[in-house]
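Below is one structure, written out as structure tokens; comments come after it.
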Amino acid sequence: MTRTTGAKAPSPSTKGLSQGEQAYERIESLLTHMELKPGEYLTLQAVQDRVGLGRTPIVEAIRKLSDDTLVEVRAGRGLKVTPIDLVREKKLLTLRGDMERFAIQLTIDNASHLHVSQLRRLCDSLDALSQERETTLTAQDIRSFNELDHRLDDLILAAAAEPFLGRTLRPLHTIYRRLGFLFLTHCGTDELFHRNIALHRNVLHAILERNSRAACEASDTLMDFAADMFPALELTLDPSLLDASIEPFMQ
């Protein structure tokens, strides 16, 4: 796989969002694409400079990200990006799987015509991403996929229309988007990338067909794909990629 460094993450849509929500989305994208590295220490001013918004919305976003366990606020030391804890994230995958099935069922029950229309367009976008690629997998391909995945997660939560579910599941989505970006960037292949897209399309198709059983089975298969990332991440990655505060191993 070709590694691309220094590229910017896709800008998340901010239409209709408050400045605090915009700040959250922008920081979330920086976290997901590891432009803010796991374990990295930052000042509030440094985050403000990266995001390009004022102090008040940044503080609001940081407070929410802290509640989501995505950053840690350190008194007198600024912020620390939460490191990647593979043991914890492997355990949380079981919780995510259960919640995804619940969200899918609510989506099938509650989705409006507008939600269905947006889901269809998203499915077309995933098809296009898969079909238009003719070169070796790059980090930009993964970023483009992550943006579509983010939209899919948000659409399912919006259609499910359960605020408690959204507050609980959204941080898990960020955790695994970051993990997936790390995995595909360092261990990914064209085959794995296309399989990942296909698994997401299977979930989407079953939702659009309002087939609860097929949708939940497709979601479980997607969770299995995520579980299969862990052995490679545990065996091949330098620990400093999981936590920037660890001294890189030099051979």
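If you're wondering about the labels, chains in the structure tokens are A, B, ... by order shown, residues count from 1 in each chain, ligands from 1 in order shown.
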
What's the 8 Å shell around stretch 53-65 of chain A, counting only C-alpha atoms, without same-chain residues fewer than 2 positions away, as a compact mmCIF listing (two decimals) with N, CA and C atoms, in the first residue's frame?
```txt
# COMPACT_ATOMS: atom_id res chain seq x y z
N GLN A 19 -21.22 26.92 16.35
CA GLN A 19 -19.75 26.93 16.33
C GLN A 19 -19.17 25.85 17.23
N GLY A 20 -19.82 25.57 18.35
CA GLY A 20 -19.35 24.49 19.22
C GLY A 20 -19.44 23.14 18.52
N GLU A 21 -20.52 22.91 17.78
CA GLU A 21 -20.68 21.66 17.04
C GLU A 21 -19.68 21.59 15.89
N ALA A 23 -16.73 22.98 15.90
CA ALA A 23 -15.44 22.70 16.52
C ALA A 23 -15.32 21.21 16.84
N TYR A 24 -16.39 20.62 17.36
CA TYR A 24 -16.37 19.18 17.67
C TYR A 24 -16.10 18.37 16.41
N LEU A 44 -4.63 24.37 24.71
CA LEU A 44 -5.91 24.82 24.15
C LEU A 44 -5.66 25.75 22.96
N GLN A 45 -4.64 26.60 23.07
CA GLN A 45 -4.33 27.52 21.99
C GLN A 45 -3.91 26.77 20.73
N VAL A 47 -4.90 23.81 19.79
CA VAL A 47 -6.11 23.26 19.18
C VAL A 47 -6.89 24.36 18.47
N GLN A 48 -6.99 25.50 19.13
CA GLN A 48 -7.70 26.64 18.54
C GLN A 48 -7.06 27.04 17.21
N ASP A 49 -5.73 27.06 17.15
CA ASP A 49 -5.03 27.42 15.93
C ASP A 49 -5.31 26.41 14.82
N VAL A 51 -7.98 24.46 14.50
CA VAL A 51 -9.39 24.40 14.12
C VAL A 51 -9.87 25.70 13.48
N ASP A 67 -15.90 14.08 27.74
CA ASP A 67 -16.99 13.19 28.17
C ASP A 67 -17.03 11.92 27.32
N ASP A 68 -16.64 12.05 26.06
CA ASP A 68 -16.64 10.92 25.13
C ASP A 68 -15.40 10.04 25.27
N THR A 69 -14.49 10.38 26.18
CA THR A 69 -13.22 9.69 26.44
C THR A 69 -12.27 9.74 25.24
N LEU A 70 -12.42 10.77 24.40
CA LEU A 70 -11.55 10.92 23.24
C LEU A 70 -10.35 11.82 23.54
N VAL A 71 -10.48 12.71 24.49
CA VAL A 71 -9.35 13.49 24.98
C VAL A 71 -9.40 13.51 26.50
```

Can you list every residue of stretch 144-228 of chain A that has an atom at most 9 Å from stretch 116-127 of chain A, with its nearest atom pair and the distance in Å to one decimal, using only C-alpha atoms, ordered by chain then number, as a Markdown table?
```
| residue | atom | partner | partner_atom | distance |
| --- | --- | --- | --- | --- |
| A:Phe145 | CA | A:Leu126 | CA | 7.7 |
| A:Leu148 | CA | A:Leu122 | CA | 7.1 |
| A:Arg151 | CA | A:Leu122 | CA | 7.9 |
| A:Leu152 | CA | A:Leu122 | CA | 7.2 |
| A:Leu155 | CA | A:Leu119 | CA | 7.3 |
| A:Ile156 | CA | A:Leu119 | CA | 8.6 |
| A:Ala159 | CA | A:Val116 | CA | 8.8 |
| A:Ile197 | CA | A:Leu126 | CA | 6.7 |
| A:Ala198 | CA | A:Leu126 | CA | 8.4 |
| A:His200 | CA | A:Leu126 | CA | 8.4 |
| A:Arg201 | CA | A:Cys123 | CA | 6.3 |
| A:Leu204 | CA | A:Cys123 | CA | 6.7 |
| A:His205 | CA | A:Cys123 | CA | 7.8 |
| A:Ile207 | CA | A:Leu119 | CA | 8.9 |
| A:Leu208 | CA | A:Val116 | CA | 6.8 |
```

Output file for the selection above: N, CA, C and O atoms, as a PDB file, in the first residue's frame:
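For reference, result.pdb as written:
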```pdb
ATOM      1  N   PHE A 145     -13.320   7.331   2.295  1.00  0.00           N
ATOM      2  CA  PHE A 145     -14.232   6.333   2.846  1.00  0.00           C
ATOM      3  C   PHE A 145     -14.697   6.730   4.240  1.00  0.00           C
ATOM      4  O   PHE A 145     -15.883   6.589   4.587  1.00  0.00           O
ATOM      5  N   LEU A 148     -17.562   9.132   4.189  1.00  0.00           N
ATOM      6  CA  LEU A 148     -18.838   8.481   3.876  1.00  0.00           C
ATOM      7  C   LEU A 148     -19.322   7.646   5.065  1.00  0.00           C
ATOM      8  O   LEU A 148     -20.524   7.616   5.366  1.00  0.00           O
ATOM      9  N   ARG A 151     -20.910   9.904   7.571  1.00  0.00           N
ATOM     10  CA  ARG A 151     -22.254  10.295   7.158  1.00  0.00           C
ATOM     11  C   ARG A 151     -23.258   9.162   7.377  1.00  0.00           C
ATOM     12  O   ARG A 151     -24.397   9.395   7.793  1.00  0.00           O
ATOM     13  N   LEU A 152     -22.829   7.930   7.084  1.00  0.00           N
ATOM     14  CA  LEU A 152     -23.703   6.780   7.301  1.00  0.00           C
ATOM     15  C   LEU A 152     -24.054   6.628   8.768  1.00  0.00           C
ATOM     16  O   LEU A 152     -25.230   6.441   9.129  1.00  0.00           O
ATOM     17  N   LEU A 155     -26.458   9.356   9.753  1.00  0.00           N
ATOM     18  CA  LEU A 155     -27.796   9.159   9.187  1.00  0.00           C
ATOM     19  C   LEU A 155     -28.565   8.083   9.937  1.00  0.00           C
ATOM     20  O   LEU A 155     -29.765   8.240  10.215  1.00  0.00           O
ATOM     21  N   ILE A 156     -27.894   6.991  10.272  1.00  0.00           N
ATOM     22  CA  ILE A 156     -28.556   5.924  11.021  1.00  0.00           C
ATOM     23  C   ILE A 156     -28.999   6.434  12.386  1.00  0.00           C
ATOM     24  O   ILE A 156     -30.130   6.167  12.824  1.00  0.00           O
ATOM     25  N   ALA A 159     -31.980   8.805  11.898  1.00  0.00           N
ATOM     26  CA  ALA A 159     -33.210   8.079  11.590  1.00  0.00           C
ATOM     27  C   ALA A 159     -33.712   7.285  12.796  1.00  0.00           C
ATOM     28  O   ALA A 159     -34.917   7.161  13.020  1.00  0.00           O
ATOM     29  N   ILE A 197     -15.782  -1.646   2.116  1.00  0.00           N
ATOM     30  CA  ILE A 197     -16.860  -0.924   1.441  1.00  0.00           C
ATOM     31  C   ILE A 197     -18.048  -1.851   1.211  1.00  0.00           C
ATOM     32  O   ILE A 197     -19.206  -1.488   1.465  1.00  0.00           O
ATOM     33  N   ALA A 198     -17.774  -3.067   0.733  1.00  0.00           N
ATOM     34  CA  ALA A 198     -18.857  -4.008   0.445  1.00  0.00           C
ATOM     35  C   ALA A 198     -19.664  -4.346   1.698  1.00  0.00           C
ATOM     36  O   ALA A 198     -20.894  -4.451   1.645  1.00  0.00           O
ATOM     37  N   HIS A 200     -20.152  -2.435   4.319  1.00  0.00           N
ATOM     38  CA  HIS A 200     -21.010  -1.287   4.632  1.00  0.00           C
ATOM     39  C   HIS A 200     -22.196  -1.218   3.665  1.00  0.00           C
ATOM     40  O   HIS A 200     -23.327  -0.903   4.081  1.00  0.00           O
ATOM     41  N   ARG A 201     -21.954  -1.521   2.394  1.00  0.00           N
ATOM     42  CA  ARG A 201     -23.044  -1.507   1.425  1.00  0.00           C
ATOM     43  C   ARG A 201     -24.072  -2.583   1.759  1.00  0.00           C
ATOM     44  O   ARG A 201     -25.276  -2.376   1.580  1.00  0.00           O
ATOM     45  N   LEU A 204     -26.307  -1.218   4.361  1.00  0.00           N
ATOM     46  CA  LEU A 204     -27.182  -0.203   3.769  1.00  0.00           C
ATOM     47  C   LEU A 204     -28.305  -0.827   2.945  1.00  0.00           C
ATOM     48  O   LEU A 204     -29.472  -0.442   3.065  1.00  0.00           O
ATOM     49  N   HIS A 205     -27.963  -1.791   2.088  1.00  0.00           N
ATOM     50  CA  HIS A 205     -28.972  -2.422   1.237  1.00  0.00           C
ATOM     51  C   HIS A 205     -30.053  -3.082   2.080  1.00  0.00           C
ATOM     52  O   HIS A 205     -31.257  -2.971   1.768  1.00  0.00           O
ATOM     53  N   ILE A 207     -30.967  -2.331   5.148  1.00  0.00           N
ATOM     54  CA  ILE A 207     -31.781  -1.288   5.774  1.00  0.00           C
ATOM     55  C   ILE A 207     -32.786  -0.742   4.768  1.00  0.00           C
ATOM     56  O   ILE A 207     -33.983  -0.571   5.079  1.00  0.00           O
ATOM     57  N   LEU A 208     -32.325  -0.460   3.557  1.00  0.00           N
ATOM     58  CA  LEU A 208     -33.213   0.097   2.532  1.00  0.00           C
ATOM     59  C   LEU A 208     -34.325  -0.890   2.151  1.00  0.00           C
ATOM     60  O   LEU A 208     -35.420  -0.485   1.771  1.00  0.00           O
TER      61      LEU A 208
END
```

| field | Distance in Å - atom CA of A:Pro231 versus atom CA of A:Leu182 | value |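 Computed distance, atom CA of A:Pro231 to atom CA of A:Leu182, equals 13.3 Å.
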
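Interatomic distance, atom CA of A:Asn211 against atom CA of A:Ala111: 13.0 Å.
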
| Excluding same-chain residues fewer than 3 positions from A:Arg101, what lies within 12 Å of it counting only C-alpha atoms, as number ranges by chain? | A: 94-98, 104-108, 156-157, 160, 165, 169, 203, 207, 212-223

| request: Please identify all polymer residues within 10 Å of stretch 233-240 of chain A, counting only C-alpha atoms, omitting same-chain residues fewer than 4 positions from it, and present them as number ranges by chain. | output: A: 37-39, 83-84, 86-87, 179, 182-183, 186-187, 228-229, 244-250

| task | Identify which of the residues A:Ile175, A:Ala103, A:Val81, A:Ala139 lies closest to A:Gly188, counting only C-alpha atoms when measuring atom-to-atom distances. | result |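 So, comparing all the options, the nearest one is A:Ala139.
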
| said: Just the number, please: distance in Å from atom CA of A:Thr174 to atom CA of A:His150, one decimal. | reply: 8.4 Å

| query | Would you give me, as a PyMOL selection string, the residues in stretch 1-250 of chain A that DSSP reads as alpha helix (DSSP H)? | reply | chain A and resi 19-32+44-51+55-67+86-110+113-132+139-160+163-187+190-208+212-227+229-236

| Surrounding residues of A:Thr43 excluding itself and chain neighbours under 5 positions, 10 Å, only C-alpha atoms, as JSON, numbers by chain | {"A": [48, 49, 73, 74, 76, 77, 78, 79, 80]}

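Closest approach to A:Phe102 among A:Leu129, A:Phe164, A:Leu114, A:Asp141 is made by A:Phe164 (distances from only C-alpha atoms).
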
| request: Select, from A:Met99, A:Ala161, A:Leu184, A:Ala75, the residue with the minimum atom-to-atom distance to A:His33, counting only C-alpha atoms. | output: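 Under the stated criterion, the closest residue is A:Leu184.
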
| field | Nearest to A:Gly180 by atom-to-atom distance, counting only C-alpha atoms, from A:Glu40, A:Glu209, A:Glu162, A:Asp149 | value | A:Asp149

| message | Between A:Ser66, A:Ser18, A:Asn202, A:Asn196, which residue has the minimum interatomic distance to A:Arg177, considering only C-alpha atoms? | response | A:Asn196

| message | Residues near A:Ala227, anyone? I mean within 8 Å using only C-alpha atoms, not counting same-chain ones fewer than 3 positions away, as a ChimeraX atom specification. | response | /A:90,93,223-224,230
